[in-house]
Each structure stands twice: as structure tokens, then as C-alpha cells.
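target.cif follows (mmCIF, C-alpha atoms and all ligand atoms):
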```cif
data_structure
loop_
_atom_site.group_PDB
_atom_site.id
_atom_site.type_symbol
_atom_site.label_atom_id
_atom_site.label_comp_id
_atom_site.auth_asym_id
_atom_site.auth_seq_id
_atom_site.Cartn_x
_atom_site.Cartn_y
_atom_site.Cartn_z
ATOM 1 C CA MET A 234 -109.658 106.479 48.960
ATOM 2 C CA VAL A 235 -106.771 107.755 46.849
ATOM 3 C CA LEU A 236 -104.580 105.008 48.224
ATOM 4 C CA ALA A 237 -107.190 102.381 47.325
ATOM 5 C CA PHE A 238 -107.355 103.768 43.786
ATOM 6 C CA LEU A 239 -103.573 103.632 43.439
ATOM 7 C CA ILE A 240 -103.486 100.048 44.663
ATOM 8 C CA LEU A 241 -106.284 99.096 42.265
ATOM 9 C CA ALA A 242 -104.486 100.833 39.372
ATOM 10 C CA ALA A 243 -101.227 99.084 40.204
ATOM 11 C CA VAL A 244 -102.907 95.689 40.331
ATOM 12 C CA LYS A 245 -104.734 96.324 37.051
ATOM 13 C CA PHE A 246 -101.582 97.568 35.321
ATOM 14 C CA GLY A 247 -99.683 94.556 36.564
ATOM 15 C CA VAL A 248 -102.303 92.188 35.187
ATOM 16 C CA CYS A 249 -102.325 93.974 31.842
ATOM 17 C CA ALA A 250 -98.548 93.992 31.625
ATOM 18 C CA GLY A 251 -98.524 90.276 32.302
ATOM 19 C CA HIS A 252 -101.209 89.736 29.688
ATOM 20 C CA TYR A 253 -99.291 91.575 26.972
ATOM 21 C CA LYS A 254 -96.123 89.780 27.930
ATOM 22 C CA ARG A 255 -97.877 86.457 27.402
ATOM 23 C CA LEU A 256 -99.148 87.613 24.009
ATOM 24 C CA ALA A 257 -95.595 88.460 23.015
ATOM 25 C CA VAL A 258 -94.378 85.084 24.182
ATOM 26 C CA CYS A 259 -97.120 83.471 22.105
ATOM 27 C CA GLY A 260 -95.433 84.944 19.042
ATOM 28 C CA LEU A 261 -97.527 87.938 18.048
ATOM 29 C CA ALA A 262 -94.665 90.365 18.567
ATOM 30 C CA THR A 263 -91.616 88.193 18.345
ATOM 31 C CA TYR A 264 -91.115 87.379 14.679
ATOM 32 C CA GLY A 265 -87.564 87.961 13.530
ATOM 33 C CA GLN A 266 -86.513 90.834 11.339
ATOM 34 C CA GLY A 267 -88.158 90.629 7.934
ATOM 35 C CA MET A 268 -90.476 87.805 8.949
ATOM 36 C CA SER A 269 -94.225 87.566 8.878
ATOM 37 C CA ASN A 270 -96.608 84.722 9.576
ATOM 38 C CA ASP A 271 -97.131 84.155 5.854
ATOM 39 C CA VAL A 272 -96.103 80.913 4.182
ATOM 40 C CA ILE A 273 -92.558 81.202 2.885
ATOM 41 C CA ARG A 274 -92.570 79.798 -0.638
ATOM 42 C CA LEU A 275 -88.993 78.766 -1.322
ATOM 43 C CA ARG A 276 -89.531 78.270 -5.058
ATOM 44 C CA ASP A 277 -90.725 81.868 -5.385
ATOM 45 C CA LYS A 278 -87.932 83.201 -3.175
ATOM 46 C CA LEU A 279 -85.311 81.437 -5.297
ATOM 47 C CA LYS A 280 -86.503 83.441 -8.317
ATOM 48 C CA GLN A 281 -85.975 86.757 -6.531
ATOM 49 C CA PHE A 282 -82.186 86.706 -6.904
ATOM 50 C CA SER A 283 -79.695 85.138 -9.270
ATOM 51 C CA ASP A 284 -76.184 85.799 -7.990
ATOM 52 C CA CYS A 285 -74.178 82.877 -6.665
ATOM 53 C CA TRP A 286 -72.519 82.330 -3.279
ATOM 54 C CA SER A 287 -74.548 85.118 -1.697
ATOM 55 C CA PRO A 288 -77.070 83.653 0.778
ATOM 56 C CA ARG A 289 -80.437 85.316 1.342
ATOM 57 C CA VAL A 290 -82.217 84.956 4.682
ATOM 58 C CA VAL A 291 -85.846 83.838 4.402
ATOM 59 C CA ALA A 292 -86.687 82.922 8.009
ATOM 60 C CA GLU A 293 -85.380 82.645 11.528
ATOM 61 C CA LEU A 294 -85.954 80.002 14.176
ATOM 62 C CA ASN A 295 -84.807 81.354 17.533
ATOM 63 C CA ASP A 296 -81.161 82.227 16.822
ATOM 64 C CA TYR A 297 -80.974 80.164 13.630
ATOM 65 C CA GLN A 298 -81.433 81.438 10.106
ATOM 66 C CA PHE A 299 -82.755 79.692 7.003
ATOM 67 C CA LYS A 300 -80.858 80.982 3.972
ATOM 68 C CA LEU A 301 -81.305 80.320 0.279
ATOM 69 C CA ALA A 302 -78.325 80.370 -2.057
ATOM 70 C CA HIS A 303 -77.527 79.611 -5.664
ATOM 71 C CA LEU A 304 -74.148 77.950 -6.079
ATOM 72 C CA GLU A 305 -72.002 77.384 -9.149
ATOM 73 C CA GLY A 306 -68.332 76.522 -9.447
ATOM 74 C CA GLU A 307 -65.840 76.112 -6.628
ATOM 75 C CA PHE A 308 -66.088 77.872 -3.298
ATOM 76 C CA VAL A 309 -63.139 78.406 -0.929
ATOM 77 C CA TRP A 310 -61.871 75.987 1.686
ATOM 78 C CA HIS A 311 -63.097 77.186 5.067
ATOM 79 C CA ALA A 312 -64.426 76.087 8.447
ATOM 80 C CA HIS A 313 -66.865 77.468 10.991
ATOM 81 C CA ALA A 314 -65.119 77.121 14.332
ATOM 82 C CA HIS A 315 -68.175 77.423 16.541
ATOM 83 C CA THR A 316 -71.102 76.005 14.624
ATOM 84 C CA ASP A 317 -72.349 73.160 12.494
ATOM 85 C CA GLU A 318 -73.739 74.120 9.067
ATOM 86 C CA ALA A 319 -76.620 72.352 7.302
ATOM 87 C CA PHE A 320 -76.992 72.103 3.516
ATOM 88 C CA LEU A 321 -80.314 70.996 2.015
ATOM 89 C CA VAL A 322 -80.184 70.760 -1.784
ATOM 90 C CA LEU A 323 -83.384 72.119 -3.331
ATOM 91 C CA ALA A 324 -82.413 71.910 -7.011
ATOM 92 C CA GLY A 325 -79.462 70.427 -8.871
ATOM 93 C CA ALA A 326 -76.553 68.657 -7.220
ATOM 94 C CA LEU A 327 -73.781 69.741 -4.864
ATOM 95 C CA GLN A 328 -70.487 68.250 -3.796
ATOM 96 C CA ILE A 329 -69.045 69.165 -0.440
ATOM 97 C CA GLU A 330 -65.345 68.395 -0.396
ATOM 98 C CA LEU A 331 -63.874 67.438 2.949
ATOM 99 C CA ARG A 332 -60.143 66.864 3.424
ATOM 100 C CA ASP A 333 -60.589 63.079 3.393
ATOM 101 C CA ARG A 334 -63.635 62.532 1.152
ATOM 102 C CA VAL A 335 -66.285 64.110 -1.020
ATOM 103 C CA ILE A 336 -69.951 64.293 0.007
ATOM 104 C CA THR A 337 -72.291 64.137 -2.994
ATOM 105 C CA LEU A 338 -75.743 65.621 -2.532
ATOM 106 C CA GLU A 339 -78.644 65.477 -4.957
ATOM 107 C CA GLU A 340 -81.968 67.255 -4.839
ATOM 108 C CA GLY A 341 -83.636 66.554 -1.508
ATOM 109 C CA ASP A 342 -80.413 65.497 0.231
ATOM 110 C CA LEU A 343 -79.349 67.040 3.537
ATOM 111 C CA TYR A 344 -75.868 67.128 5.037
ATOM 112 C CA VAL A 345 -74.574 68.746 8.206
ATOM 113 C CA VAL A 346 -70.951 69.865 8.246
ATOM 114 C CA PRO A 347 -69.709 69.589 11.834
ATOM 115 C CA ALA A 348 -68.252 72.641 13.550
ATOM 116 C CA GLY A 349 -64.558 73.108 12.903
ATOM 117 C CA LEU A 350 -64.405 70.754 9.904
ATOM 118 C CA GLU A 351 -62.814 72.190 6.775
ATOM 119 C CA HIS A 352 -65.099 71.991 3.762
ATOM 120 C CA ARG A 353 -65.389 73.320 0.228
ATOM 121 C CA PRO A 354 -68.723 73.321 -1.609
ATOM 122 C CA VAL A 355 -68.361 72.630 -5.332
ATOM 123 C CA ALA A 356 -71.254 72.862 -7.787
ATOM 124 C CA PRO A 357 -70.251 71.482 -11.204
ATOM 125 C CA ALA A 358 -73.515 72.979 -12.504
ATOM 126 C CA ARG A 359 -75.693 75.630 -10.939
ATOM 127 C CA CYS A 360 -77.660 74.389 -7.941
ATOM 128 C CA SER A 361 -79.834 75.885 -5.214
ATOM 129 C CA VAL A 362 -79.604 75.116 -1.516
ATOM 130 C CA LEU A 363 -81.163 75.943 1.818
ATOM 131 C CA LEU A 364 -78.591 76.633 4.533
ATOM 132 C CA ILE A 365 -79.467 76.398 8.213
ATOM 133 C CA GLU A 366 -77.054 77.969 10.654
ATOM 134 C CA PRO A 367 -76.959 80.445 13.537
ATOM 135 C CA ARG A 368 -77.428 84.139 12.874
ATOM 136 C CA GLY A 369 -74.110 85.878 12.175
ATOM 137 C CA VAL A 370 -72.275 83.007 10.464
ATOM 138 C CA VAL A 371 -69.966 84.232 7.677
ATOM 139 C CA ASN A 372 -70.153 82.106 4.531
ATOM 140 C CA THR A 373 -66.376 81.887 4.136
ATOM 141 C CA GLY A 374 -65.707 81.310 7.851
ATOM 142 C CA ALA A 375 -62.280 82.726 8.766
ATOM 143 C CA ALA A 376 -60.920 82.275 5.231
ATOM 144 C CA GLY A 377 -62.290 85.577 3.932
ATOM 145 C CA GLY A 378 -61.710 86.578 0.313
ATOM 146 C CA LYS A 379 -63.813 87.928 -2.512
ATOM 147 C CA LEU A 380 -66.565 85.341 -2.094
ATOM 148 C CA THR A 381 -67.348 86.575 1.422
ATOM 149 C CA ALA A 382 -70.998 87.671 1.326
ATOM 150 C CA PRO A 383 -72.712 90.234 3.512
ATOM 151 C CA GLY A 384 -74.865 88.784 6.278
ATOM 152 C CA ASP A 385 -78.563 89.374 6.947
ATOM 153 C CA GLN A 386 -79.625 89.843 3.336
ATOM 154 C CA TRP A 387 -83.371 89.268 3.738
ATOM 155 C CA ILE A 388 -85.700 88.533 0.881
HETATM 156 NI NI NI A 401 -69.385 76.645 5.305
#
```
Would it be possible to restate this file's structure as C-alpha cells?
Amino acid sequence: MVLAFLILAAVKFGVCAGHYKRLAVCGLATYGQGMSNDVIRLRDKLKQFSDCWSPRVVAELNDYQFKLAHLEGEFVWHAHAHTDEAFLVLAGALQIELRDRVITLEEGDLYVVPAGLEHRPVAPARCSVLLIEPRGVVNTGAAGGKLTAPGDQWI
């Protein structure tokens, strides 16, 4: 009798554990740090900070982060050895200097800098962008310097 109860309990626990695991996989418990299932209103988020060259994380997609940044002036030449980096211009205009040409982006334009390619963002006037790149990417790559921003700044 006791043995039957233990077997029944084990089976029931196993089913429940599997059930909760499926719920987690469905997304109820797996949002990234700082995320909720609310709509993320980029225009509102952009008003929550004003400093330049200091990306703020607004969402994650698996291991990728969506970061907002205000840019003005010249950044530093740098590269990201192991990852591509996407720039989507939300407001204003941005130039991305490459060693052999200049990419000019206006509002609504998207450009992906390939991994390992040296680039230097230049914003003649203040602009706002959405960056998409893997978690842990440093904004200045290996170049370092005073424009290196802390990672994982959620808003
Ligand atoms: Ni970069």
C-alpha cells in the first residue's frame, strides 16, 4: 500500500514537473532581466535618458539585446571581433565610417556592421539609434577609452 502510494506520488510529481517545465518554455518564466510582457515604447524610453554614447538595454531576444542610444559627435575607431552589430536609426542621421567608405543612414535606415570590421560612428548632429547585438558586447570593442560604457544598463 505504501509502495503504491509512493509510486503514485512519483508519477504525479513527474507529471507536474513536466507541466511547469512546459509553462516555463512557453515564456511565462523566461523573460530576460528587466523585461516584462508589456509593449516597449521606444519613443518613451528615449526620453528617459539624455547622455550620449551610453546604450540602454530595453529588451532581449534569446542572447541578443536591443539597446537604445543617443549619439552626437565622433566615436572611436573600433571593431567587434566576434559579432556583427546592427544600427537602426530612429531619429536624426548617422554616418558610420569604414576604412574604405562612409555609410550614411537616415531615420528608418538599418545597417549591419560585419564582425571584425573597423568602424567609427559619427553623428554630425544628435541622433538616436537602436542597436541589436549579443549580450555582453562592449561599445568600444577592444579599443577601450573614456567612451567605453557600462553594459546591461536597463531602462
Ligand atoms: Ni561598434
When distances are computed from only C-alpha atoms, which of A:His352, A:Trp387, A:Val335, A:Asn270 shows the smallest separation from A:Thr373?
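Nearest to A:Thr373: A:His352.
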Would you compute an axis-aligned box for stretch 364-374 of chain A, covering every atom listed for it in the file with 4 Å of margin on each side, and report centre and edge lengths in Å to one decimal as AutoDock Vina command-line options?
```
--center_x -72.6 --center_y 81.1 --center_z 8.8 --size_x 21.8 --size_y 17.5 --size_z 17.4
```
Using only C-alpha atoms and all ligand atoms, which residues of the polymer chains come no farther than 8 Å from ligand NI 401 (chain A)? I'd like the answer as a ChimeraX atom specification.
/A:311-313,318,346,352-354,371-374
Contact residues around A:Asp342 with only C-alpha atoms at 7 Å, ignoring same-chain residues under 3 positions, as a list in words:
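So the residues in contact are Leu321, Val322, Leu338 and Glu339 of chain A.
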Write the residues of the preceding selection, restricted to C-alpha atoms, as a tab-separated table (two decimals), in the coordinates of the input.
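Saved file out11.tsv follows:
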```tsv
chain	number	residue	atom	x	y	z
A	321	LEU	CA	-80.31	71.00	2.02
A	322	VAL	CA	-80.18	70.76	-1.78
A	338	LEU	CA	-75.74	65.62	-2.53
A	339	GLU	CA	-78.64	65.48	-4.96
```
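Residue nearest A:Lys280, chosen from A:Lys379, A:Met268, A:Trp310, A:Leu301 and counting all atoms listed in the file: A:Leu301.
Distance annotation: of A:Leu331, A:Ala375, A:Val370, A:Val290, the residue with the minimal separation from A:Ala302 is A:Val290; atom set is all atoms listed in the file.
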Selection in question (the file shown): the PyMOL selection byres (((chain A and resi 275) around 12) and not hetatm). Which residues does it include, as a list in words?
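Answer for the PyMOL selection byres (((chain A and resi 275) around 12) and not hetatm): Val272, Ile273, Arg274, Arg276, Asp277, Lys278, Leu279, Lys280, Gln281, Phe282, Arg289, Val290, Val291, Ala292, Phe299, Lys300, Leu301, Ala302, Val322, Leu323, Ala324, Ser361, Val362, Leu363 and Ile388 of chain A.
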Go ahead and write the residues just picked, C-alpha atoms, as a short mmCIF file (atom, residue, chain, number, x, y, z; two decimals), in the coordinates of the input.
```
data_model
loop_
_atom_site.label_atom_id
_atom_site.label_comp_id
_atom_site.auth_asym_id
_atom_site.auth_seq_id
_atom_site.Cartn_x
_atom_site.Cartn_y
_atom_site.Cartn_z
CA VAL A 272 -96.10 80.91 4.18
CA ILE A 273 -92.56 81.20 2.88
CA ARG A 274 -92.57 79.80 -0.64
CA ARG A 276 -89.53 78.27 -5.06
CA ASP A 277 -90.72 81.87 -5.38
CA LYS A 278 -87.93 83.20 -3.18
CA LEU A 279 -85.31 81.44 -5.30
CA LYS A 280 -86.50 83.44 -8.32
CA GLN A 281 -85.98 86.76 -6.53
CA PHE A 282 -82.19 86.71 -6.90
CA ARG A 289 -80.44 85.32 1.34
CA VAL A 290 -82.22 84.96 4.68
CA VAL A 291 -85.85 83.84 4.40
CA ALA A 292 -86.69 82.92 8.01
CA PHE A 299 -82.76 79.69 7.00
CA LYS A 300 -80.86 80.98 3.97
CA LEU A 301 -81.31 80.32 0.28
CA ALA A 302 -78.32 80.37 -2.06
CA VAL A 322 -80.18 70.76 -1.78
CA LEU A 323 -83.38 72.12 -3.33
CA ALA A 324 -82.41 71.91 -7.01
CA SER A 361 -79.83 75.89 -5.21
CA VAL A 362 -79.60 75.12 -1.52
CA LEU A 363 -81.16 75.94 1.82
CA ILE A 388 -85.70 88.53 0.88
#
```
Quick one: pull the distance between atom CA of A:Pro347 and atom CA of A:Glu366, Å, one decimal.
11.2 Å
Using all atoms listed in the file, pick whichever of A:Ile365, A:Asp271, A:Tyr344, A:Thr381 has the shortest atom-to-atom distance to A:Gln298.
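For A:Gln298, the nearest of the given residues is A:Ile365.
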Gap from atom CA of A:Leu364 to atom CA of A:Gly306 - Å, one decimal
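So the two atoms, atom CA of A:Leu364 and atom CA of A:Gly306, lie 17.3 Å apart.
The coordinates place atom CA of A:Glu307 at 22.7 Å from atom CA of A:Gly369.
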Which residue out of A:Gly384, A:Arg368, A:Arg332, A:Ala348 has the minimum interatomic distance to A:Asn295 when all atoms listed in the file are used?
A:Arg368
Please list as number ranges by chain every residue within 6 Å of A:Cys360, counting all atoms listed in the file and excluding residues in the same chain fewer than 6 positions away.
A: 303-304, 324-326
Under the rule that all atoms listed in the file are counted, which of A:Leu350, A:Val309, A:Ala314, A:Ala356 is the nearest residue to A:Leu327?
A:Ala356
